[in-house]
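*Asks:* Supplied in structure tokens, the structure appears directly below.
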Amino acid sequence: MADDYKGYSGKALSVLKNFNALVWSDVQITTTKGNYKGIILPRSETADPFHIVIKMPIGYNIGVAADLVTDIKIRGRKEAHYKIPEKDFPYEPNKPKVKLLGTGGTIASRLDYRTGAVIPAFSPGELYGSVPELADYCNLETEKLYGVFSENMGPDQWKGTAEAIGREIEKGVDGIVIGHGTDTMHHTAAVLSFMVQNSPIPIVMVGSQRSSDRPSSDAALNLMHSVKTAAESDIAEVMVCMFGPTSDYYGLLHRGTRVRKMHSSYRSTFRTIGDIPIAKVSKDEITPLRQDYKHRRKDRNVKINIAFEEKVSIVYYYPNMKPDIIESLIDNDYKGIVIAGTGLGHVNKPLYPALKRAHEKGISIYMTVQTLWGYVQMYVYDTGRDMMELGVIPGENMLPEVAYMKLCWALGQTTDQQKVKEIMLTSIAGEITEREPSNGYLIYQGGLPEVEEFISKYVK
Amino acid sequence: MKDFLFKPFEEMTDKDYETIGFKSGLEIHQQLLTSKKLFCRCPAGKYSERYDAEILRHMRPTLSELGEYDGTALMEFKTKKDILYRINRESVCTYEMDDTPPFLINNEALDIALQCGILFDCSIVDELHIARKQYLDGSIPTGFQRTAIFALDGKIPYKNRQIDIVQMSIEEDSCREVSDAGHLRVYRTDRLGMPLIETVTGPDMRTPFEVAEVAEICANLVRSTGNVRRGIGAAREDVNVSVEGGTRIEIKGVPKIGRIPHLTYNEAMRQWNLLRLREELHRRGITKETFDSKVGDITRIVKKAHYQPIRTATELGMVVKCVVLRKYAGLLRWQTQTDTYFSKEISDRVRVIACLTNIPNNIHSDSKGDTLTSADWQNIKRAVGATDDDTMVLVWGNEIDTEMASKEIIIRAREAIVGVPSETRQAMRDGTNGFERILPGADRMYPDTDLPPTRITEERLEKLRVNLPEQFWKREKWYRELEIPEDTIRPLSISKFAELFKSLVNEWKIEPTLAAVVLIQFPKRLKKKSVNVKILDEEMMREIFRSYRDGLLSRDGILIAMKKSIEKGNFYPELLPRQITAKELEEVISETNDELTKEKLYNNEKRKEVLLGSVMNKVRMRVEGKIVASKIN
């Protein structure tokens, strides 16, 4: 069986085979430099072919050089069957009904202590075993839609998730939580904001930046915040619910079309861009920061529109970009291009002929800004005006990823460029805002006395 | 059990320790001298109480593979603490705060660790695997310590036997606690992430003094590399102690070796006396099955009591509960350690687990003292239905904590039936120890999925061996043969100059005693004069000796040359005065003689000595004293 020597190759594999020492064997290994007792563990596929990994009785792992092994005595076998303890999720008739849809990610998982493999904890019973506080807020049901890493989410998963949301709303749930890997959570949040129209209930996306097998994980608190929001909040929109500060303090509810992951590893990585978040959420209360959100309703009149054109690309412009980048998209039958341009929305002149050709071929081209904050304002400089002449359409203050998702969705509905433009430039879920408040752009610059004072005064 | 009563510390003999089956082993933590931390690029060893920001975290227990909470995890979960980290930007980055994954292990630190492993005659592991060891007290913001075993199965010679070195690990240091009161614990993070090694000995020591001696040997061995940190907190011992029939108890964080004998004595006494307490409980017919207790709310009864802590509590609207321990009368006054009683075991648990941190946090009927009046006690006794055979323990605080406290009191009283509960304990200044936490289980180790394994090649070890100091006991044997002064032997054997000494004696044929005195005692003399002797390095000393060997520097001039080298930050031969010629010396002598003639000497017999002294003052470093002396005579 392939798993008998899981992960081993080369010298290590031949030594193990020689002594018939399968993975999970409890062994005594004799080598030319010492003896070791322990359980043979599976080896990571990416590790070298020279070492055998054992877990010693004190719990530590070490790698033993295979070419020094002179004997392996097998004393027994201790295979790990890791199982997450389950406890029945309590049912209380008066509590709201929340559905948790799982797509993957580390929000609800446990680490296999022996191998380091991550095992998803997902059933209500498993979740209750890990985060019993969830029962304070709701009656929870779960459904695992997918088990993929964030970066592997794609059109099929997006459509499937939107349809699942539609089904659950019709069934009468009071709120939906979607467990998702954090890397592309804002892409999914954007596309769901378009595919799910007129939701009567909160749709809350949640994940974790530190996997839930760690004592300091943000997973449990994020889950509590998101479940509370789904169960109790009055906000009937697609939102992302993640840590506000890095401290275990409160979460923020970000509008699905204005949110972005802004740090590769911080807990407080999600930020609302060009605006302020909808609300703050703690274990005890939800505090709206603004009033212009869509309110919860009793009806079930949701519209699900899963139209999606896959031949759309984002082009992140850089100085010295050659037209062949655009040409190749044209030649490969792309239907839409979102450009993340410099400044107010610019690219260099050598690209013009290619852009012109793209436009003439019927490709929809939309401009966004790689500065993330601010509007595309192509009428300010000649460059911008020239490009509008060529058919490049300013995407207002849509974030590049959001514009991308929206263009996929719009082109999925129609190929008529004019209709696409109407869809693109009509704000549906807050992706375009008419005005940018002055506190919508805040990146404090460390080192300034007033900023340092602020940081020292408030727990971050 | 054996009929033995503990004696005062000074009166205990080796034989006594043998009687009780004293066993002890060490876990020695030693910080490594690196410029950066172990898993990030923050500077190491930069301590400051100043902080720029604070971060709040909570620790949640994760379930073990058996689906059970680890004992420690459960306890920490019960305590529900807010944990606040103080951050100084100069010494802490986002890694320590668990907002950035680890960077690859610091190779400078790993090399030092491997050197130490070789010195302990360990077998070095072929491939290093980083593990996560859970700590839920918040002392590490991730909730776990990154740690890896790099060496196994070593030994050191001791008396006529050997002490086993079971394993050595390289790991990151934890935070320093600032305060822990109520439900808030505050940590300073500057020490967090500093590289250290943990060396674990076998349970091979038989008396408290042996434990201290072995700790000293281990400390000296790693210091001899010159690559470990010195000073307060740079080396800390955890001491494991057990007696026959007792439990292996770990006393954490002993900062000074000198404190080990009293601490281990007291722990041995505590275990022995807890075992005697168990016998007493059995004698009273109390077993796990017959154990009986109850809890009553007596807030109303003691509302008007004059005892201030209770009075304050009731005035603040808190509750007072009485735990009745059936047939435990008198046992809370059972001695456990020096001037310490069983009541302390209970008070500790209440403080740590129920977070009632204002001391006193309880009073009890075995030691009424100046607390409640006897009328109050009578009223309580009646209200809770206690008898003269029972002990009543009163605790107060908010409803939830007091409830938790009552439960813990019963848990701890009940554990006395079994004997010595598995715990880790903290070292107190007076040589006793107090409860720290329930002993963590083996299930708290799991692989660190953030970091790949690191191969340790034979070439790497070979390079390290070349620069390795000789084990100091081997050096000492040679020093004894050389007959250098006894008081220089140990310091020299672990000194950074030990290798220099060897080459001075073997290659340059410098007299061993002179070399030892210059390398060990001269720096001490200079230090007394507030000279910063840390600046003295091997290169400087080698050059000074070279000048001495070549006759450019007199024996008497060495100390001054050292002082000048320190002042200049380096040794230059130009620092030395030119050697005096025979003719010049004669002139100085005659000139000085004339001066002396002008002065009136009280004691003319000492004239030669005075002359010698005065001449030397003028020509020091330019000529050997004995040459001057021979000229004067």
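By convention here, the chains of the structure tokens are called A, B, ... in the order presented, each chain's residues are numbered starting at 1, and ligands are numbered starting at 1 in the order presented.
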Please list as a PyMOL selection string every residue within 10 Å of B:Phe571, counting only C-alpha atoms and excluding residues in the same chain fewer than 6 positions away.

*Replies:* chain B and resi 536+539-544+561-565

*Asks:* List every residue of stretch 112-355 of chain A that DSSP, applied to the backbone of this structure, places in strand (DSSP E or B), and write the result as a ChimeraX atom specification.

*Replies:* /A:118-120,139-144,175-179,196-197,203-206,235,238-243,251-255,259-261,270-272,279-281,286-288,295,303-304,312-316,336-342,346

*Asks:* Quick one: pick out all helix (DSSP H, G or I) residues within stretch 28-224 of chain A from a backbone DSSP run and write them as a PyMOL selection string.

*Replies:* chain A and resi 66-68+124-130+132-136+150-152+155-171+185-195+219-224

*Asks:* I'd like to know which of B:Gly253, B:Gly202, B:Gly317, B:Pro61 is closest to B:Lys303, using only C-alpha atoms.

*Replies:*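 Among B:Gly253, B:Gly202, B:Gly317, B:Pro61, it is B:Gly317 that comes nearest to B:Lys303.
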
*Asks:* Considering only C-alpha atoms, can you say which of A:Lys97, A:His346, A:Lys457, A:Lys73 comes closest to chain B?

*Replies:*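 Nearest candidate to chain B out of A:Lys97, A:His346, A:Lys457, A:Lys73: A:Lys457.
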
*Asks:* Counting only C-alpha atoms, which of B:Phe103, B:Gln115, B:Pro452, B:Ser169 gets nearest to A:Asp48?

*Replies:*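 Closest candidate: B:Pro452.
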
*Asks:* Do you know which residues are at most 10 Å from A:Asp416 counting only C-alpha atoms, after dropping those on the same chain fewer than 4 positions away, and could you put them as a list in words?

*Replies:*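 Result of the neighbour search: Gly362, Ser364, Ala410, Leu411, Val420 and Lys421 of chain A.
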
*Asks:* Please produce a file of the residues just selected, as a PDB file, in the first residue's frame, where the atoms kept are all heavy atoms.

*Replies:*
```pdb
ATOM      1  N   GLY A 362     -14.277  44.555 -29.393  1.00  0.00           N
ATOM      2  CA  GLY A 362     -15.442  44.374 -28.519  1.00  0.00           C
ATOM      3  C   GLY A 362     -15.082  43.952 -27.107  1.00  0.00           C
ATOM      4  O   GLY A 362     -15.926  43.447 -26.362  1.00  0.00           O
ATOM      5  N   SER A 364     -14.426  44.685 -23.326  1.00  0.00           N
ATOM      6  CA  SER A 364     -14.730  45.756 -22.361  1.00  0.00           C
ATOM      7  C   SER A 364     -13.493  46.037 -21.530  1.00  0.00           C
ATOM      8  O   SER A 364     -12.889  45.119 -20.964  1.00  0.00           O
ATOM      9  CB  SER A 364     -15.847  45.315 -21.414  1.00  0.00           C
ATOM     10  OG  SER A 364     -17.024  45.072 -22.137  1.00  0.00           O
ATOM     11  N   ALA A 410     -21.065  40.931 -15.061  1.00  0.00           N
ATOM     12  CA  ALA A 410     -21.787  41.717 -16.065  1.00  0.00           C
ATOM     13  C   ALA A 410     -21.684  41.053 -17.433  1.00  0.00           C
ATOM     14  O   ALA A 410     -22.680  40.894 -18.148  1.00  0.00           O
ATOM     15  CB  ALA A 410     -21.233  43.136 -16.111  1.00  0.00           C
ATOM     16  N   LEU A 411     -20.466  40.619 -17.805  1.00  0.00           N
ATOM     17  CA  LEU A 411     -20.275  39.981 -19.110  1.00  0.00           C
ATOM     18  C   LEU A 411     -20.971  38.627 -19.178  1.00  0.00           C
ATOM     19  O   LEU A 411     -21.289  38.132 -20.254  1.00  0.00           O
ATOM     20  CB  LEU A 411     -18.773  39.822 -19.398  1.00  0.00           C
ATOM     21  CG  LEU A 411     -18.051  41.118 -19.797  1.00  0.00           C
ATOM     22  CD1 LEU A 411     -16.549  40.900 -19.787  1.00  0.00           C
ATOM     23  CD2 LEU A 411     -18.509  41.586 -21.179  1.00  0.00           C
ATOM     24  N   VAL A 420     -23.296  46.348 -20.568  1.00  0.00           N
ATOM     25  CA  VAL A 420     -22.229  46.033 -19.606  1.00  0.00           C
ATOM     26  C   VAL A 420     -21.837  47.311 -18.853  1.00  0.00           C
ATOM     27  O   VAL A 420     -21.703  47.323 -17.631  1.00  0.00           O
ATOM     28  CB  VAL A 420     -21.000  45.421 -20.321  1.00  0.00           C
ATOM     29  CG1 VAL A 420     -19.811  45.316 -19.369  1.00  0.00           C
ATOM     30  CG2 VAL A 420     -21.339  44.050 -20.877  1.00  0.00           C
ATOM     31  N   LYS A 421     -21.714  48.386 -19.626  1.00  0.00           N
ATOM     32  CA  LYS A 421     -21.317  49.657 -19.015  1.00  0.00           C
ATOM     33  C   LYS A 421     -22.351  50.127 -17.991  1.00  0.00           C
ATOM     34  O   LYS A 421     -22.001  50.605 -16.897  1.00  0.00           O
ATOM     35  CB  LYS A 421     -21.132  50.717 -20.110  1.00  0.00           C
ATOM     36  CG  LYS A 421     -20.573  52.025 -19.595  1.00  0.00           C
ATOM     37  CD  LYS A 421     -20.265  52.977 -20.722  1.00  0.00           C
ATOM     38  CE  LYS A 421     -19.833  54.330 -20.172  1.00  0.00           C
ATOM     39  NZ  LYS A 421     -19.604  55.303 -21.237  1.00  0.00           N
TER      40      LYS A 421
END
```

*Asks:* Can you check which residues of chain B have any atom within 7 Å of chain A? Use only C-alpha atoms and format it as a ChimeraX atom specification.

*Replies:* /B:52-62,65,67,99-100,123,125-129,131,136,141-143,149,442,445-447,449

*Asks:* List the spatial neighbours of A:Cys408 as a VMD selection string - criterion: any atom at most 7 Å away, only C-alpha atoms, same-chain residues fewer than 4 positions off excluded.

*Replies:* chain A and resid 308 to 310 312 404 412

*Asks:* In Å to one decimal, how far is atom CA of B:Gly557 from atom CA of B:Asp594?

*Replies:*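 One can read the atom CA of B:Asp594 to atom CA of B:Gly557 distance as 25.8 Å.
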
*Asks:* Out of A:Gln413, A:Ser328, A:Thr229, A:Asn320, which residue has the shortest atom-to-atom distance to A:Asp284 when counting only C-alpha atoms?

*Replies:* A:Thr229

*Asks:* What is the atom CA of B:Thr357 to atom CA of B:Val254 distance in Å?

*Replies:*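 Rounded to one decimal, the two atoms are 22.6 Å apart.
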
*Asks:* Write out as a short mmCIF file (atom, residue, chain, number, x, y, z; two decimals) with C-alpha atoms, in the first residue's frame the residues lying within 8 Å of stretch 227-232 of chain B, counting only C-alpha atoms and excluding same-chain residues fewer than 3 positions away.

*Replies:*
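Written output follows (out_36.cif):
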```
data_model
loop_
_atom_site.label_atom_id
_atom_site.label_comp_id
_atom_site.auth_asym_id
_atom_site.auth_seq_id
_atom_site.Cartn_x
_atom_site.Cartn_y
_atom_site.Cartn_z
CA GLN B 30 20.75 29.09 29.38
CA GLN B 31 20.39 32.05 27.03
CA LEU B 32 22.79 32.08 24.11
CA LEU B 33 24.92 35.07 23.21
CA THR B 34 23.61 36.00 19.78
CA ILE B 112 26.26 27.66 19.80
CA VAL B 222 28.42 26.07 28.68
CA ARG B 223 30.07 29.27 29.86
CA SER B 224 33.42 27.92 28.75
CA ALA B 235 20.51 31.19 33.27
CA PRO B 255 17.32 32.25 39.20
#
```
